[in-house]
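**Student:** As input, take structure_10.cif (mmCIF, C-alpha atoms):
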```cif
data_input
#
loop_
_atom_site.label_atom_id
_atom_site.label_comp_id
_atom_site.auth_asym_id
_atom_site.auth_seq_id
_atom_site.Cartn_x
_atom_site.Cartn_y
_atom_site.Cartn_z
CA MET A 235 188.77 193.34 65.11
CA ARG A 236 187.48 190.16 66.78
CA THR A 237 188.47 186.59 65.93
CA LEU A 238 186.39 183.44 66.40
CA VAL A 239 188.29 180.52 67.97
CA LEU A 240 187.28 176.96 67.06
CA ASN A 241 188.49 173.76 68.75
CA ALA A 242 189.77 170.72 66.84
CA GLY A 243 186.16 169.52 66.38
CA TYR A 244 185.20 172.86 64.77
CA GLU A 245 183.11 173.85 67.81
CA PRO A 246 183.14 177.60 68.49
CA LEU A 247 184.82 178.32 71.83
CA ALA A 248 185.52 181.99 72.27
CA VAL A 249 186.08 185.34 70.67
CA VAL A 250 189.50 186.93 71.10
CA SER A 251 191.24 190.00 69.76
CA PHE A 252 193.05 189.60 66.45
CA LYS A 253 196.32 190.24 68.32
CA ARG A 254 195.73 187.23 70.61
CA ALA A 255 194.75 185.14 67.59
CA LEU A 256 197.89 186.15 65.74
CA VAL A 257 200.04 185.17 68.74
CA LEU A 258 198.38 181.73 68.78
CA VAL A 259 199.08 181.33 65.06
CA LEU A 260 202.70 182.51 65.36
CA ASN A 261 203.29 180.08 68.27
CA GLN A 262 201.89 177.29 66.05
CA LYS A 263 198.99 176.63 68.44
CA ALA A 264 196.38 177.55 65.83
CA THR A 265 195.88 177.90 62.09
CA ILE A 266 193.98 180.59 60.21
CA LEU A 267 190.80 179.28 58.55
CA ALA A 268 189.49 182.62 57.32
CA GLY A 269 190.92 186.08 57.08
CA VAL A 270 189.33 189.48 57.14
CA GLY A 271 190.14 190.02 53.48
CA GLU A 272 192.33 192.98 52.67
CA GLY A 273 193.33 193.35 56.34
CA ARG A 274 197.07 192.87 56.85
CA VAL A 275 199.43 193.17 59.81
CA ARG A 276 202.99 194.09 58.96
CA SER A 277 206.13 193.61 61.01
CA ALA A 278 209.72 194.44 60.16
CA ASN A 279 210.22 191.07 58.48
CA ASN A 280 206.77 189.63 57.72
CA ASP A 281 203.30 190.38 56.44
CA PHE A 282 200.34 188.54 58.04
CA GLU A 283 196.68 188.20 57.18
CA VAL A 284 194.33 189.46 59.94
CA PRO A 285 192.56 186.29 61.16
CA ALA A 286 188.76 186.25 61.34
CA VAL A 287 188.50 182.54 62.31
CA ILE A 288 191.25 180.34 63.76
CA LEU A 289 191.36 176.61 64.54
CA LEU A 290 193.23 175.43 67.64
CA GLN A 291 195.62 172.53 67.05
CA ARG A 292 194.44 170.72 70.16
CA TYR A 293 191.93 171.48 72.84
CA VAL A 294 190.53 169.45 75.74
CA ARG A 295 186.79 170.01 75.93
CA ILE A 296 185.45 171.32 79.22
CA PRO A 297 182.43 169.30 80.49
CA ASN A 298 179.14 171.26 80.79
CA SER A 299 180.65 174.14 78.86
CA ARG A 300 177.48 174.52 76.80
CA GLN A 301 175.39 175.73 79.73
CA ILE A 302 174.98 179.47 79.50
CA PRO A 303 175.67 181.20 82.82
CA VAL A 304 173.07 183.70 84.02
CA SER A 305 174.22 187.30 84.08
CA ARG A 306 172.63 190.73 84.16
CA ARG A 307 174.18 191.52 80.80
CA GLY A 308 172.87 188.24 79.35
CA VAL A 309 169.30 188.84 80.54
CA LEU A 310 169.30 192.35 79.06
CA ARG A 311 170.70 191.00 75.79
CA ARG A 312 168.18 188.14 75.66
CA ASP A 313 165.26 190.57 76.17
CA ALA A 314 166.70 193.12 73.69
CA HIS A 315 166.91 195.75 76.47
CA ARG A 316 163.09 195.93 76.61
CA CYS A 317 161.09 195.86 79.85
CA GLY A 318 159.23 192.59 80.29
CA TYR A 319 156.28 194.45 81.83
CA CYS A 320 155.78 197.69 79.87
CA GLY A 321 158.04 197.29 76.81
CA LYS A 322 160.07 200.47 77.37
CA THR A 323 163.88 200.56 77.40
CA ALA A 324 165.21 198.40 80.22
CA ASN A 325 168.37 199.15 82.15
CA THR A 326 168.01 196.73 85.06
CA ILE A 327 166.72 193.21 85.73
CA ASP A 328 163.92 191.96 87.96
CA HIS A 329 163.18 188.67 89.72
CA ILE A 330 159.69 187.56 88.71
CA LEU A 331 159.37 185.67 91.99
CA PRO A 332 161.28 188.00 94.34
CA LYS A 333 164.44 186.73 96.04
CA SER A 334 162.84 187.58 99.40
CA ARG A 335 160.25 184.86 98.63
CA GLY A 336 162.74 182.26 97.45
CA GLY A 337 163.08 183.30 93.82
CA ALA A 338 166.20 181.95 92.15
CA ASP A 339 168.77 183.64 89.95
CA SER A 340 167.78 181.67 86.86
CA TRP A 341 166.97 182.44 83.23
CA GLU A 342 163.34 181.52 83.91
CA ASN A 343 162.99 183.85 86.92
CA LEU A 344 164.79 186.94 85.58
CA VAL A 345 163.49 189.51 83.13
CA ALA A 346 164.78 192.84 81.82
CA CYS A 347 162.97 195.71 83.50
CA CYS A 348 162.83 199.48 83.39
CA LEU A 349 163.59 201.36 86.60
CA ARG A 350 160.00 202.58 87.00
CA CYS A 351 158.44 199.11 86.80
CA ASN A 352 161.15 197.64 89.02
CA ASN A 353 160.44 200.22 91.74
CA LEU A 354 156.65 199.87 91.44
CA LYS A 355 156.79 196.06 91.60
CA SER A 356 159.07 196.04 94.64
CA ASP A 357 158.90 192.58 96.28
CA LYS A 358 155.58 191.52 94.76
CA THR A 359 154.84 189.05 92.00
CA PRO A 360 153.42 190.24 88.66
CA ALA A 361 150.09 188.52 89.52
CA GLU A 362 149.81 190.53 92.74
CA MET A 363 150.37 193.70 90.74
CA GLY A 364 147.87 192.69 88.06
CA TRP A 365 150.67 192.69 85.46
CA GLU A 366 151.39 190.23 82.69
CA LEU A 367 154.80 189.44 81.25
CA ARG A 368 155.27 190.35 77.58
CA ILE A 369 157.73 187.46 77.14
CA THR A 370 158.23 183.96 78.49
CA PRO A 371 161.69 184.01 80.07
CA LYS A 372 163.88 181.02 79.22
CA MET A 373 167.53 180.18 78.71
CA PRO A 374 168.71 181.54 75.35
CA THR A 375 169.66 179.11 72.61
CA GLY A 376 171.91 179.28 69.60
CA VAL A 377 175.57 178.81 68.89
CA ILE A 378 176.46 182.47 69.38
CA TRP A 379 175.26 182.31 73.02
CA THR A 380 177.72 179.51 73.83
CA VAL A 381 180.75 181.39 72.53
CA ARG A 382 182.55 183.28 75.30
CA GLY A 383 182.99 186.96 74.50
CA ALA A 384 180.60 187.06 71.54
CA GLU A 385 177.92 189.73 71.65
CA LYS A 386 176.88 189.39 68.03
CA GLU A 387 177.82 187.37 64.99
CA GLU A 388 180.40 188.76 62.58
CA PRO A 389 179.86 188.20 58.82
CA HIS A 390 183.18 186.32 58.52
CA TRP A 391 181.97 183.69 61.03
CA ARG A 392 178.68 182.68 59.35
CA ASP A 393 180.01 179.68 57.41
CA PHE A 394 181.73 178.25 60.48
CA LEU A 395 178.77 178.79 62.85
CA SER A 396 176.32 177.27 60.34
CA TYR A 397 178.68 174.28 59.97
CA GLN A 398 178.40 173.70 63.73
CA GLN A 399 174.59 173.99 63.72
CA ALA A 400 174.32 171.42 60.91
CA ALA A 401 176.51 168.91 62.77
#
```
What does the file become when written as structure tokens?

**Tutor:**
Amino acid sequence: MRTLVLNAGYEPLAVVSFKRALVLVLNQKATILAGVGEGRVRSANNDFEVPAVILLQRYVRIPNSRQIPVSRRGVLRRDAHRCGYCGKTANTIDHILPKSRGGADSWENLVACCLRCNNLKSDKTPAEMGWELRITPKMPTGVIWTVRGAEKEEPHWRDFLSYQQAA
């Protein structure tokens, strides 16, 4: 079970295990905003609700924390594991402008790619190959992308993520 962590301004920060969330609550560093429902954790002396969303008591905001770092996993996730050139299942990433020609490791220069297309393209540009990209690569947007550790949105989090988007 995963738990969404919000800072004092109700901004989503991270996703942690329910065990870590329960430790924060027990140490009075966070409060439970929403529980899983019928999920309970029992100890010898107590009975606790499994937290789905917790609110930290205090948190110092990190500057520039809303920039999404580029990663192989992130590029594959953004492109839904589909090759940017042929549309088949992608398991690697490709630099549109090759690194050997000064291409950067940026959201705009990386695309998910299947092994076949990656090997055929080598250190050429798509224009030199006569290929066209099926997508326009750009940095992903949305609240769920800014939350560390979140791959997908859980149903219990919807109200709290939509609250942040409206603000």

**Student:** Since I can't run it myself right now, could you work out what the PyMOL selection byres ((chain A and resi 349) around 12) selects here and report it as a ChimeraX atom specification?

**Tutor:** /A:316-328,346-348,350-356

**Student:** Have a look at atom CA of Gly364 of chain A and atom CA of Gly337 of chain A and let me know their distance in Å, one decimal.

**Tutor:**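 Atom CA of Gly364 of chain A sits 18.8 Å away from atom CA of Gly337 of chain A.
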
**Student:** Identify, on the basis of only C-alpha atoms, every residue whose closest approach to Ser334 of chain A does not exceed 12 Å; exclude the query and any residue fewer than 6 positions from it along the same chain; express the result as a short mmCIF file (atom, residue, chain, number, x, y, z; two decimals) with C-alpha atoms, keeping the file's coordinate frame.

**Tutor:**
```
data_model
loop_
_atom_site.label_atom_id
_atom_site.label_comp_id
_atom_site.auth_asym_id
_atom_site.auth_seq_id
_atom_site.Cartn_x
_atom_site.Cartn_y
_atom_site.Cartn_z
CA SER A 356 159.07 196.04 94.64
CA ASP A 357 158.90 192.58 96.28
CA LYS A 358 155.58 191.52 94.76
CA THR A 359 154.84 189.05 92.00
#
```

**Student:** Residue by residue, what does the PyMOL selection byres ((chain A and resi 304) around 10) grab here? Present the result as a PyMOL selection string.

**Tutor:** chain A and resi 301-303+305-309+339-342+344+373-374

**Student:** Residue by residue, what does the PyMOL selection byres ((chain A and resi 264) around 9) grab here? Present the result as a list in words.

**Tutor:** Val239, Ala255, Leu256, Val257, Leu258, Val259, Leu260, Asn261, Gln262, Lys263, Thr265, Ile266, Ile288, Leu289, Leu290, Gln291 and Arg292 of chain A

**Student:** Write a file of the selected residues as a tab-separated table (two decimals), in the frame of the given file, keeping C-alpha atoms.

**Tutor:**
```
chain	number	residue	atom	x	y	z
A	239	VAL	CA	188.29	180.52	67.97
A	255	ALA	CA	194.75	185.14	67.59
A	256	LEU	CA	197.89	186.15	65.74
A	257	VAL	CA	200.04	185.17	68.74
A	258	LEU	CA	198.38	181.73	68.78
A	259	VAL	CA	199.08	181.33	65.06
A	260	LEU	CA	202.70	182.51	65.36
A	261	ASN	CA	203.29	180.08	68.27
A	262	GLN	CA	201.89	177.29	66.05
A	263	LYS	CA	198.99	176.63	68.44
A	265	THR	CA	195.88	177.90	62.09
A	266	ILE	CA	193.98	180.59	60.21
A	288	ILE	CA	191.25	180.34	63.76
A	289	LEU	CA	191.36	176.61	64.54
A	290	LEU	CA	193.23	175.43	67.64
A	291	GLN	CA	195.62	172.53	67.05
A	292	ARG	CA	194.44	170.72	70.16
```

**Student:** Could you tell me how far atom CA of Arg312 of chain A sits from atom CA of Ile369 of chain A, in Å to one decimal place?

**Tutor:**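 Atom-to-atom, atom CA of Ile369 of chain A to atom CA of Arg312 of chain A, that is 10.6 Å.
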
**Student:** Starting from the point (188.6, 187.8, 65.3), work out which residues of protein, DNA or RNA have an atom no more than 9 Å away when counting all atoms listed in the file; state them as a PyMOL selection string.

**Tutor:** chain A and resi 235-239+249-255+269-270+284-288+388+390-391

**Student:** When distances are computed from all atoms listed in the file, which of A:Leu247, A:Ile330, A:Ala242, A:Ala268 shows the smallest separation from Thr370 of chain A?

**Tutor:**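 Of the candidates, the smallest distance to Thr370 of chain A is held by A:Ile330.
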
**Student:** Record the distance separating atom CA of Lys333 of chain A and atom CA of Asp313 of chain A, expressed in Å with one decimal.

**Tutor:**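 For atom CA of Lys333 of chain A relative to atom CA of Asp313 of chain A, the distance reads 20.3 Å.
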